[in-house]
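K.L.:
This structure is in structure tokens; I'll ask about it shortly.
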Amino acid sequence: MVYGLTPEEKEKLERFKTKLSTFEKNRKNLIPILQSAQQEIAYLPGQALELAAGHLDIPISEVYGVATFYNQFRFIPPGKYPIKICLGTACHIKSSDIILENFERKLGIKEGQTTEDRQFSVERVACVGCCALAPVALVGDALYGKMSPSKVEGIFTRIQVEKEMSLRVHSENESNQ
Ligand code: FES
């Protein structure tokens, strides 16, 4: 799947461009530059890698090679609702891999991907420190413990209700202005 930059991300890329000029043109700055790009844009689009390569005057293949070596960097935009499934030992024993599969099936994407509308992304994570609640899933900032396949649908219903409520509040505020 190819993800174009949203207008918001284009602005963030411009901000990164400005920050980039504060880095000395030295190869040793490559990782701090990539970290800065990811901090600004939330992931590393190809355009950010090209800018880093141009600034340091090194081949894009070298930038890509370094970026992919470290698992702190992501190359796919996170969804508006990032879904993280814990596959730490306690959760794995309680079949969190099946929960992960349920989310994947529901969204039609695989772990590490984002839906085309950028609403949801799914990824596996290591222990999030709530083993007593295993299996655990995080959706945005919300933690869902003692997950089961039947709870997956409920999470999407809840998100839908929240979205509709916030739309209603937004349109009420607009009509009051
Ligand atoms: S293993 Fe999942 S919260 Fe610890």
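Labels for the structure tokens follow display order: chains A, B, ..., residues from 1 in each chain, ligands from 1.
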Which chains and residue numbers are within 10 Å of ligand 1, counting only C-alpha atoms and all ligand atoms, if I want them as a ChimeraX atom specification?
P.N.:
/A:85-94,96,125-137,145
K.L.:
Deliver the residues from the most recent selection as a file, using C-alpha atoms, as a short mmCIF file (atom, residue, chain, number, x, y, z; two decimals), in the first residue's frame.
P.N.:
```
data_model
loop_
_atom_site.label_atom_id
_atom_site.label_comp_id
_atom_site.auth_asym_id
_atom_site.auth_seq_id
_atom_site.Cartn_x
_atom_site.Cartn_y
_atom_site.Cartn_z
CA ILE A 85 -1.79 -5.95 20.72
CA CYS A 86 0.48 -7.18 23.46
CA LEU A 87 2.27 -10.36 22.51
CA GLY A 88 4.36 -10.51 25.68
CA THR A 89 4.55 -13.90 27.38
CA ALA A 90 1.55 -13.51 29.72
CA CYS A 91 -0.66 -12.25 26.89
CA HIS A 92 0.64 -14.77 24.40
CA ILE A 93 -0.20 -17.63 26.77
CA LYS A 94 -3.74 -16.25 26.81
CA SER A 96 -3.36 -12.69 22.21
CA VAL A 125 3.99 -4.83 21.07
CA ALA A 126 5.98 -6.38 23.88
CA CYS A 127 4.71 -6.46 27.48
CA VAL A 128 2.94 -3.21 28.39
CA GLY A 129 3.18 -3.93 32.12
CA CYS A 130 -0.40 -5.01 32.85
CA CYS A 131 0.08 -8.78 32.77
CA ALA A 132 -2.67 -9.33 35.35
CA LEU A 133 -5.10 -8.08 32.68
CA ALA A 134 -3.79 -10.39 29.93
CA PRO A 135 -4.54 -10.53 27.10
CA VAL A 136 -4.24 -6.80 26.60
CA ALA A 137 -4.93 -4.47 23.65
CA GLY A 145 -7.77 -5.93 29.43
#
```
K.L.:
What residues in stretch 3-177 of chain A get the DSSP label strand (DSSP E or B)? Please answer as a PyMOL selection string.
P.N.:
chain A and resi 81-86+114+120-125+137-139+142-144
K.L.:
Of the candidates A:Ile41, A:Asn71, A:Tyr81, A:Gly4, which one gets nearest to A:Lys163 if we count only C-alpha atoms?
P.N.:
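Closest residue, counting only C-alpha atoms: A:Tyr81.
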K.L.:
I need the residue nearest A:Pro78 from this list: A:Thr157, A:Ser175, A:Gln113, A:Asn26. Use only C-alpha atoms for the distance.
P.N.:
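Among the listed residues, A:Gln113 lies closest to A:Pro78.
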K.L.:
A:Val122, A:Asn176, A:Arg27, A:Thr18: which is nearest A:Pro59, counting only C-alpha atoms?
P.N.:
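With only C-alpha atoms as the atom set, the closest residue is A:Arg27.
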K.L.:
When you count only C-alpha atoms, which of these residues is closest to A:Tyr43: A:Leu100, A:Ala142, A:Leu13, A:Val152?
P.N.:
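Smallest distance to A:Tyr43 is found for A:Leu13.
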K.L.:
Rounded to one decimal, what separation in Å do you get between atom CA of A:Glu153 and atom CA of A:Phe120?
P.N.:
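Taking atom CA of A:Glu153 and atom CA of A:Phe120, their separation equals 14.0 Å.
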K.L.:
Skipping near chain neighbours, those fewer than 5 positions away, what residues fall within 9 Å of A:Leu20 using only C-alpha atoms, listed as a PyMOL selection string?
P.N.:
chain A and resi 15+33+36-37+51-52+55
K.L.:
Grab the residues selected above and save them as a compact mmCIF listing (two decimals), in the first residue's frame with N, CA and C atoms.
P.N.:
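Below is the file that was written, again32.txt:
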```txt
# COMPACT_ATOMS: atom_id res chain seq x y z
N ARG A 15 8.15 21.68 8.33
CA ARG A 15 8.75 22.01 9.63
C ARG A 15 10.05 21.21 9.83
N ILE A 33 18.83 12.97 12.95
CA ILE A 33 17.98 13.60 11.92
C ILE A 33 16.73 12.75 11.69
N SER A 36 14.43 13.10 14.52
CA SER A 36 13.74 14.40 14.47
C SER A 36 12.58 14.33 13.45
N ALA A 37 12.83 13.69 12.31
CA ALA A 37 11.77 13.56 11.29
C ALA A 37 10.60 12.76 11.85
N LEU A 51 15.18 14.04 1.98
CA LEU A 51 15.69 15.31 2.52
C LEU A 51 16.93 15.05 3.37
N ALA A 52 16.90 13.98 4.17
CA ALA A 52 18.04 13.66 5.04
C ALA A 52 19.27 13.34 4.16
N HIS A 55 20.59 16.54 2.60
CA HIS A 55 21.27 17.40 3.56
C HIS A 55 22.68 16.88 3.87
```
K.L.:
Report, in Å to a single decimal, how far apart atom CA of A:Lys80 and atom CA of A:Thr114 are.
P.N.:
9.4 Å
K.L.:
Taking only C-alpha atoms into account, name the residue in A:Asp97, A:Phe69, A:Glu62, A:Leu34 that is nearest to A:Ala48.
P.N.:
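Closest to A:Ala48 of all the choices is A:Leu34.
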K.L.:
Please report, as a PDB file with N, CA and C atoms, in the first residue's frame, each residue of stretch 72-136 of chain A to which DSSP assigns alpha helix (DSSP H) when run on this structure's backbone.
P.N.:
```
ATOM      1  N   THR A  89       4.789 -12.499  26.991  1.00  0.00           N
ATOM      2  CA  THR A  89       4.554 -13.900  27.380  1.00  0.00           C
ATOM      3  C   THR A  89       3.171 -14.113  28.010  1.00  0.00           C
ATOM      4  N   ALA A  90       2.824 -13.289  29.015  1.00  0.00           N
ATOM      5  CA  ALA A  90       1.550 -13.508  29.717  1.00  0.00           C
ATOM      6  C   ALA A  90       0.366 -13.389  28.760  1.00  0.00           C
ATOM      7  N   CYS A  91       0.439 -12.432  27.835  1.00  0.00           N
ATOM      8  CA  CYS A  91      -0.663 -12.247  26.886  1.00  0.00           C
ATOM      9  C   CYS A  91      -0.654 -13.349  25.833  1.00  0.00           C
ATOM     10  N   HIS A  92       0.540 -13.733  25.418  1.00  0.00           N
ATOM     11  CA  HIS A  92       0.642 -14.770  24.398  1.00  0.00           C
ATOM     12  C   HIS A  92       0.052 -16.080  24.907  1.00  0.00           C
ATOM     13  N   ILE A  93       0.344 -16.397  26.169  1.00  0.00           N
ATOM     14  CA  ILE A  93      -0.201 -17.634  26.773  1.00  0.00           C
ATOM     15  C   ILE A  93      -1.728 -17.594  26.730  1.00  0.00           C
ATOM     16  N   SER A  96      -3.214 -14.026  22.792  1.00  0.00           N
ATOM     17  CA  SER A  96      -3.361 -12.686  22.211  1.00  0.00           C
ATOM     18  C   SER A  96      -3.130 -12.704  20.705  1.00  0.00           C
ATOM     19  N   ASP A  97      -2.455 -13.756  20.202  1.00  0.00           N
ATOM     20  CA  ASP A  97      -2.261 -13.831  18.748  1.00  0.00           C
ATOM     21  C   ASP A  97      -3.615 -13.967  18.033  1.00  0.00           C
ATOM     22  N   ILE A  98      -4.576 -14.598  18.717  1.00  0.00           N
ATOM     23  CA  ILE A  98      -5.913 -14.737  18.100  1.00  0.00           C
ATOM     24  C   ILE A  98      -6.629 -13.384  18.113  1.00  0.00           C
ATOM     25  N   ILE A  99      -6.391 -12.605  19.159  1.00  0.00           N
ATOM     26  CA  ILE A  99      -6.980 -11.241  19.211  1.00  0.00           C
ATOM     27  C   ILE A  99      -6.410 -10.417  18.055  1.00  0.00           C
ATOM     28  N   LEU A 100      -5.100 -10.544  17.881  1.00  0.00           N
ATOM     29  CA  LEU A 100      -4.448  -9.821  16.780  1.00  0.00           C
ATOM     30  C   LEU A 100      -5.081 -10.218  15.440  1.00  0.00           C
ATOM     31  N   GLU A 101      -5.259 -11.488  15.234  1.00  0.00           N
ATOM     32  CA  GLU A 101      -5.876 -11.969  13.988  1.00  0.00           C
ATOM     33  C   GLU A 101      -7.279 -11.401  13.806  1.00  0.00           C
ATOM     34  N   ASN A 102      -8.003 -11.279  14.898  1.00  0.00           N
ATOM     35  CA  ASN A 102      -9.367 -10.736  14.817  1.00  0.00           C
ATOM     36  C   ASN A 102      -9.350  -9.283  14.348  1.00  0.00           C
ATOM     37  N   PHE A 103      -8.430  -8.507  14.898  1.00  0.00           N
ATOM     38  CA  PHE A 103      -8.323  -7.107  14.465  1.00  0.00           C
ATOM     39  C   PHE A 103      -7.912  -7.053  12.993  1.00  0.00           C
ATOM     40  N   GLU A 104      -6.952  -7.888  12.626  1.00  0.00           N
ATOM     41  CA  GLU A 104      -6.476  -7.893  11.226  1.00  0.00           C
ATOM     42  C   GLU A 104      -7.624  -8.221  10.283  1.00  0.00           C
ATOM     43  N   ARG A 105      -8.384  -9.234  10.645  1.00  0.00           N
ATOM     44  CA  ARG A 105      -9.482  -9.665   9.772  1.00  0.00           C
ATOM     45  C   ARG A 105     -10.549  -8.573   9.673  1.00  0.00           C
ATOM     46  N   LYS A 106     -10.864  -7.995  10.812  1.00  0.00           N
ATOM     47  CA  LYS A 106     -11.904  -6.962  10.849  1.00  0.00           C
ATOM     48  C   LYS A 106     -11.511  -5.766   9.960  1.00  0.00           C
ATOM     49  N   LEU A 107     -10.220  -5.400   9.993  1.00  0.00           N
ATOM     50  CA  LEU A 107      -9.777  -4.208   9.271  1.00  0.00           C
ATOM     51  C   LEU A 107      -9.262  -4.519   7.864  1.00  0.00           C
TER      52      LEU A 107
END
```
K.L.:
From the options A:Asn173, A:Ile83, A:Gly140, A:Ser150, which residue's atoms come nearest to A:Arg124, counting only C-alpha atoms?
P.N.:
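Between A:Asn173, A:Ile83, A:Gly140, A:Ser150, the residue approaching A:Arg124 most closely is A:Ile83.
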